[in-house]
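Engineer: Encoded as structure tokens, here's the structure I'll be asking about.
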Amino acid sequence: MVKEDVVKFVIDGREIEAEKGRMLLPVAIENGYNIPYACYHEAVSPAGVCGLCMVEVSKDGKTRMVMSCKHPIEEGIEVITDTEKVRNARQKVLSLLLGRAPQSARIKKMANEAGVTEPRAGVEQYDECILCGLCERVCREVVGANAITFVRAEGPPKADPSACIACGACVYVCPTDCIKMEEHGDERTIVRWNRTVKMKTCSSCGKPFAPLFQLNWIIDRVKLPKDFFEKCPVCRKMG
């Protein structure tokens, strides 16, 4: 990086250098700061819907609360990750999330660390879904299948089973583990979307290794030979 591409700023009294234009949260995480989050994942664009990653930022003598996942780093700003205002804001969010997903191990752990023991009363539960939208974003932005739709005001995401390629990306990014994936024999099921597909069987070892829909989707999108995925990754390496 050239000098013009780097900015210097301060987090909790420590000067940090990072590439201009990056968001505050990933830079803080890379530098060892423990800022909680639930709706953020490095693979997709930040949405700032949960509010857990709140920090205080000071610039030109003015201090304000910001969501660090959506706040770009700037030259000379001062960031404080742990103040009374920050703690109160996170506790309110965690009380809400604990009410929405009381069985989630991750939410319970974060709530416990923040001193939150009671969920917010009257919060509607959606089968452990906290309405973060990560599943929709990864399906649209990374996979490109666009099988999932999400309008926060309308409740949990919905999926079109016929468009789902059963790749499992939504399963991996879900922060509460509310999207389950099961494999039995040569079939994979994304339980929440009620989508069951056949798995491709390796022509060499005979083991199922990936959904046919996923492999055919990749072949069509990248214009690969139709027999490109005849072997599993292990057997392909063996030649």
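Ordered as shown in the structure tokens, chains take letters A, B, and onward, while each chain numbers its residues from 1 and ligands are numbered from 1 in the order shown.
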What's around Thr201 (chain A) at 8 Å? Count only C-alpha atoms, leave out sequence neighbours fewer than 3 positions away in its own chain, and write the answer as a list in words.
Structural biologist: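 In the requested form, the answer reads Asp186, Gly206, Lys207, Pro208, Phe209, Ala210, Glu230, Lys231 and Cys232 of chain A.
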Engineer: When you look at Val123 (chain A) with a cut-off of 7 Å (counting only C-alpha atoms), what residues show up, excluding the ones that are within fewer than 5 positions of it in the same chain? I need them as number ranges by chain.
Structural biologist: A: 96, 99-100
Engineer: Do you know which residues are at most 12 Å from Asp227 (chain A) counting only C-alpha atoms, after dropping those on the same chain fewer than 5 positions away, and could you put them as a ChimeraX atom specification?
Structural biologist: /A:200,202-203,212,215-216,218-220,232
Engineer: Mind dumping the selected residues with C-alpha atoms as a PDB file, in the first residue's frame?
Structural biologist:
```pdb
ATOM      1  CA  LYS A 200     -23.150 -36.454  -6.826  1.00  0.00           C
ATOM      2  CA  CYS A 202     -17.651 -39.887  -7.137  1.00  0.00           C
ATOM      3  CA  SER A 203     -16.878 -42.063 -10.143  1.00  0.00           C
ATOM      4  CA  LEU A 212     -25.984 -32.291  -8.054  1.00  0.00           C
ATOM      5  CA  LEU A 215     -22.391 -28.760  -9.251  1.00  0.00           C
ATOM      6  CA  ASN A 216     -24.612 -28.260 -12.308  1.00  0.00           C
ATOM      7  CA  ILE A 218     -21.409 -24.067 -11.103  1.00  0.00           C
ATOM      8  CA  ILE A 219     -20.867 -25.821 -14.451  1.00  0.00           C
ATOM      9  CA  ASP A 220     -23.472 -23.647 -16.174  1.00  0.00           C
ATOM     10  CA  CYS A 232     -14.638 -35.864  -5.589  1.00  0.00           C
TER      11      CYS A 232
END
```
Engineer: Write out as an MDAnalysis selection string each polymer residue whose atoms come within 9 Å of region 133-137 of chain A, counting only C-alpha atoms; drop sequence neighbours fewer than 2 positions from it.
Structural biologist: chainID A and resid 39:41 44:45 47 49 130:131 139:142 146:152 156:159 169:175 179
Engineer: Given the selection you just returned, output its residues as a file containing N, CA and C atoms, formatted as a CSV table (one decimal), in the first residue's frame.
Structural biologist:
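Saved as part-v7.csv:
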```csv
chain,number,residue,atom,x,y,z
A,39,CYS,N,-24.8,-9.8,13.2
A,39,CYS,CA,-25.3,-9.8,11.8
A,39,CYS,C,-24.2,-9.5,10.8
A,40,TYR,N,-22.9,-9.6,11.3
A,40,TYR,CA,-21.8,-9.3,10.4
A,40,TYR,C,-21.1,-10.6,10.0
A,41,HIS,N,-20.6,-10.7,8.8
A,41,HIS,CA,-19.8,-11.8,8.3
A,41,HIS,C,-18.8,-11.2,7.3
A,44,VAL,N,-19.7,-11.0,3.4
A,44,VAL,CA,-20.8,-10.3,2.8
A,44,VAL,C,-20.8,-8.8,3.2
A,45,SER,N,-21.6,-8.0,2.5
A,45,SER,CA,-21.6,-6.6,2.9
A,45,SER,C,-22.3,-6.4,4.2
A,47,ALA,N,-24.7,-5.0,7.1
A,47,ALA,CA,-26.1,-4.5,7.1
A,47,ALA,C,-26.4,-3.6,8.3
A,49,VAL,N,-27.8,-4.3,11.2
A,49,VAL,CA,-29.2,-4.5,11.7
A,49,VAL,C,-29.3,-4.9,13.2
A,130,ILE,N,-32.8,-14.6,14.4
A,130,ILE,CA,-32.7,-13.2,15.0
A,130,ILE,C,-32.9,-12.1,14.0
A,131,LEU,N,-33.3,-12.5,12.8
A,131,LEU,CA,-33.6,-11.5,11.7
A,131,LEU,C,-32.3,-10.7,11.3
A,139,CYS,N,-26.5,-15.8,0.1
A,139,CYS,CA,-27.1,-16.5,-1.1
A,139,CYS,C,-27.1,-15.6,-2.3
A,140,ARG,N,-27.3,-14.3,-2.0
A,140,ARG,CA,-27.3,-13.3,-3.2
A,140,ARG,C,-26.0,-12.8,-3.6
A,141,GLU,N,-25.2,-12.4,-2.6
A,141,GLU,CA,-23.9,-11.8,-2.9
A,141,GLU,C,-22.7,-12.7,-3.2
A,142,VAL,N,-22.7,-13.9,-2.5
A,142,VAL,CA,-21.6,-14.8,-2.7
A,142,VAL,C,-21.9,-15.9,-3.6
A,146,ASN,N,-29.7,-16.5,-5.3
A,146,ASN,CA,-30.9,-15.7,-5.0
A,146,ASN,C,-32.1,-16.5,-4.6
A,147,ALA,N,-31.9,-17.5,-3.8
A,147,ALA,CA,-33.0,-18.4,-3.4
A,147,ALA,C,-33.7,-17.9,-2.2
A,148,ILE,N,-33.1,-17.0,-1.5
A,148,ILE,CA,-33.7,-16.5,-0.2
A,148,ILE,C,-34.1,-15.1,-0.3
A,149,THR,N,-35.3,-14.8,0.3
A,149,THR,CA,-35.7,-13.4,0.3
A,149,THR,C,-35.9,-13.0,1.8
A,150,PHE,N,-35.6,-11.7,2.1
A,150,PHE,CA,-35.7,-11.2,3.5
A,150,PHE,C,-36.1,-9.8,3.5
A,151,VAL,N,-37.2,-9.5,4.2
A,151,VAL,CA,-37.7,-8.2,4.5
A,151,VAL,C,-37.9,-8.2,6.0
A,152,ARG,N,-37.0,-7.4,6.7
A,152,ARG,CA,-36.9,-7.5,8.1
A,152,ARG,C,-38.3,-7.2,8.8
A,156,PRO,N,-38.9,-13.6,9.5
A,156,PRO,CA,-37.7,-14.4,9.1
A,156,PRO,C,-37.6,-14.5,7.6
A,157,PRO,N,-36.4,-14.8,7.1
A,157,PRO,CA,-36.2,-15.0,5.7
A,157,PRO,C,-37.0,-16.2,5.2
A,158,LYS,N,-37.4,-16.2,3.9
A,158,LYS,CA,-38.1,-17.3,3.3
A,158,LYS,C,-37.2,-17.7,2.1
A,159,ALA,N,-37.4,-18.9,1.7
A,159,ALA,CA,-36.6,-19.5,0.5
A,159,ALA,C,-37.5,-20.1,-0.5
A,169,ALA,N,-24.2,-22.6,2.2
A,169,ALA,CA,-23.6,-21.4,2.6
A,169,ALA,C,-24.5,-20.7,3.7
A,170,CYS,N,-25.8,-20.7,3.6
A,170,CYS,CA,-26.7,-20.1,4.6
A,170,CYS,C,-26.5,-20.8,6.0
A,171,VAL,N,-26.3,-22.1,5.9
A,171,VAL,CA,-26.1,-22.9,7.2
A,171,VAL,C,-24.8,-22.4,7.9
A,172,TYR,N,-23.7,-22.2,7.1
A,172,TYR,CA,-22.4,-21.9,7.7
A,172,TYR,C,-22.4,-20.4,8.3
A,173,VAL,N,-23.1,-19.5,7.7
A,173,VAL,CA,-23.1,-18.1,8.2
A,173,VAL,C,-24.1,-17.8,9.3
A,174,CYS,N,-25.1,-18.7,9.4
A,174,CYS,CA,-26.2,-18.4,10.4
A,174,CYS,C,-25.6,-18.3,11.8
A,175,PRO,N,-25.7,-17.2,12.5
A,175,PRO,CA,-25.1,-17.0,13.9
A,175,PRO,C,-25.8,-17.8,15.0
A,179,ILE,N,-30.5,-22.7,10.9
A,179,ILE,CA,-30.7,-23.3,9.6
A,179,ILE,C,-29.9,-24.6,9.6
```
Engineer: Give the alpha helix (DSSP H) residues of region 52-199 of chain A, as assigned by DSSP on the backbone, as a ChimeraX atom specification.
Structural biologist: /A:84-100,105-113,134-137,169-173
Engineer: Could you write out the selected residues, including C-alpha atoms, as a tab-separated table (two decimals), in the first residue's frame?
Structural biologist:
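Below you can see result15.tsv, which holds the result:
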```
chain	number	residue	atom	x	y	z
A	84	GLU	CA	-21.06	2.95	29.89
A	85	LYS	CA	-23.10	4.04	26.86
A	86	VAL	CA	-21.66	1.23	24.77
A	87	ARG	CA	-22.31	-1.37	27.47
A	88	ASN	CA	-25.91	-0.18	27.97
A	89	ALA	CA	-26.58	-0.28	24.23
A	90	ARG	CA	-25.19	-3.80	23.89
A	91	GLN	CA	-27.13	-5.03	26.92
A	92	LYS	CA	-30.39	-3.80	25.40
A	93	VAL	CA	-29.62	-5.54	22.12
A	94	LEU	CA	-28.60	-8.78	23.83
A	95	SER	CA	-31.73	-8.76	25.97
A	96	LEU	CA	-33.75	-8.57	22.75
A	97	LEU	CA	-31.73	-11.28	21.00
A	98	LEU	CA	-31.88	-13.52	24.07
A	99	GLY	CA	-35.67	-13.25	23.97
A	100	ARG	CA	-35.73	-14.01	20.26
A	105	ALA	CA	-25.38	-21.02	22.51
A	106	ARG	CA	-23.67	-18.03	20.89
A	107	ILE	CA	-26.32	-15.52	22.00
A	108	LYS	CA	-26.36	-16.95	25.53
A	109	LYS	CA	-22.56	-16.72	25.73
A	110	MET	CA	-22.50	-13.10	24.59
A	111	ALA	CA	-25.37	-12.20	26.92
A	112	ASN	CA	-23.61	-13.82	29.86
A	113	GLU	CA	-20.38	-11.96	29.08
A	134	LEU	CA	-26.97	-13.11	6.72
A	135	CYS	CA	-28.46	-16.11	4.93
A	136	GLU	CA	-30.10	-13.91	2.29
A	137	ARG	CA	-26.97	-11.83	1.76
A	169	ALA	CA	-23.65	-21.37	2.63
A	170	CYS	CA	-26.65	-20.13	4.60
A	171	VAL	CA	-26.06	-22.88	7.17
A	172	TYR	CA	-22.45	-21.85	7.71
A	173	VAL	CA	-23.08	-18.11	8.18
```
Engineer: So how many Å separate CA of Thr83 (chain A) and CA of Gly61 (chain A), to one decimal?
Structural biologist: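 CA of Gly61 (chain A) lies 17.1 Å from CA of Thr83 (chain A).
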Engineer: Could you pull out the strand (DSSP E or B) residues of region 15-187 of chain A, going by DSSP on the backbone, and write them as a PyMOL selection string?
Structural biologist: chain A and resi 15-19+23+54-59+62-67+72+78-80+148-149+158-159+181-184+187
Engineer: Would you export the selected residues with C-alpha atoms as a PDB file, in the first residue's frame, please?
Structural biologist:
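The resulting out-v1.pdb:
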```pdb
ATOM      1  CA  GLU A  15      -2.627   3.889  17.381  1.00  0.00           C
ATOM      2  CA  ILE A  16      -3.676   1.703  14.464  1.00  0.00           C
ATOM      3  CA  GLU A  17      -2.773   1.856  10.778  1.00  0.00           C
ATOM      4  CA  ALA A  18      -5.126   0.403   8.200  1.00  0.00           C
ATOM      5  CA  GLU A  19      -6.162   0.720   4.586  1.00  0.00           C
ATOM      6  CA  MET A  23     -14.873  -0.615   7.945  1.00  0.00           C
ATOM      7  CA  MET A  54     -21.738  -0.206  18.715  1.00  0.00           C
ATOM      8  CA  VAL A  55     -18.679   1.823  19.754  1.00  0.00           C
ATOM      9  CA  GLU A  56     -18.013   5.485  20.508  1.00  0.00           C
ATOM     10  CA  VAL A  57     -16.126   7.514  17.911  1.00  0.00           C
ATOM     11  CA  SER A  58     -14.680  10.985  18.520  1.00  0.00           C
ATOM     12  CA  LYS A  59     -13.811  13.397  15.731  1.00  0.00           C
ATOM     13  CA  LYS A  62     -17.575  15.527  18.898  1.00  0.00           C
ATOM     14  CA  THR A  63     -18.386  12.019  20.126  1.00  0.00           C
ATOM     15  CA  ARG A  64     -21.136   9.765  18.850  1.00  0.00           C
ATOM     16  CA  MET A  65     -22.226   6.146  18.899  1.00  0.00           C
ATOM     17  CA  VAL A  66     -21.747   4.266  15.635  1.00  0.00           C
ATOM     18  CA  MET A  67     -22.173   0.730  14.351  1.00  0.00           C
ATOM     19  CA  PRO A  72     -15.381   3.576   7.682  1.00  0.00           C
ATOM     20  CA  GLU A  78     -10.541   8.090  18.263  1.00  0.00           C
ATOM     21  CA  VAL A  79     -12.496   4.919  18.982  1.00  0.00           C
ATOM     22  CA  ILE A  80     -13.520   3.663  22.416  1.00  0.00           C
ATOM     23  CA  ILE A 148     -33.680 -16.519  -0.191  1.00  0.00           C
ATOM     24  CA  THR A 149     -35.750 -13.379   0.335  1.00  0.00           C
ATOM     25  CA  LYS A 158     -38.066 -17.269   3.250  1.00  0.00           C
ATOM     26  CA  ALA A 159     -36.615 -19.465   0.542  1.00  0.00           C
ATOM     27  CA  MET A 181     -28.383 -29.277   7.146  1.00  0.00           C
ATOM     28  CA  GLU A 182     -28.700 -33.057   7.156  1.00  0.00           C
ATOM     29  CA  GLU A 183     -27.101 -35.690   4.944  1.00  0.00           C
ATOM     30  CA  HIS A 184     -28.365 -39.252   4.643  1.00  0.00           C
ATOM     31  CA  GLU A 187     -29.219 -36.971  -0.163  1.00  0.00           C
TER      32      GLU A 187
END
```
Engineer: With distances taken over only C-alpha atoms, which of A:Pro119, A:Asn194, A:Gln103, A:Asn31 is nearest to Cys178 (chain A)?
Structural biologist: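 Of A:Pro119, A:Asn194, A:Gln103, A:Asn31, the one nearest Cys178 (chain A), counting only C-alpha atoms, is A:Gln103.
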Engineer: For CA of Val197 (chain A) and CA of Phe213 (chain A), determine how far apart the two atoms are, in Å to one decimal place.
Structural biologist: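 Between CA of Val197 (chain A) and CA of Phe213 (chain A) the gap is 7.3 Å.
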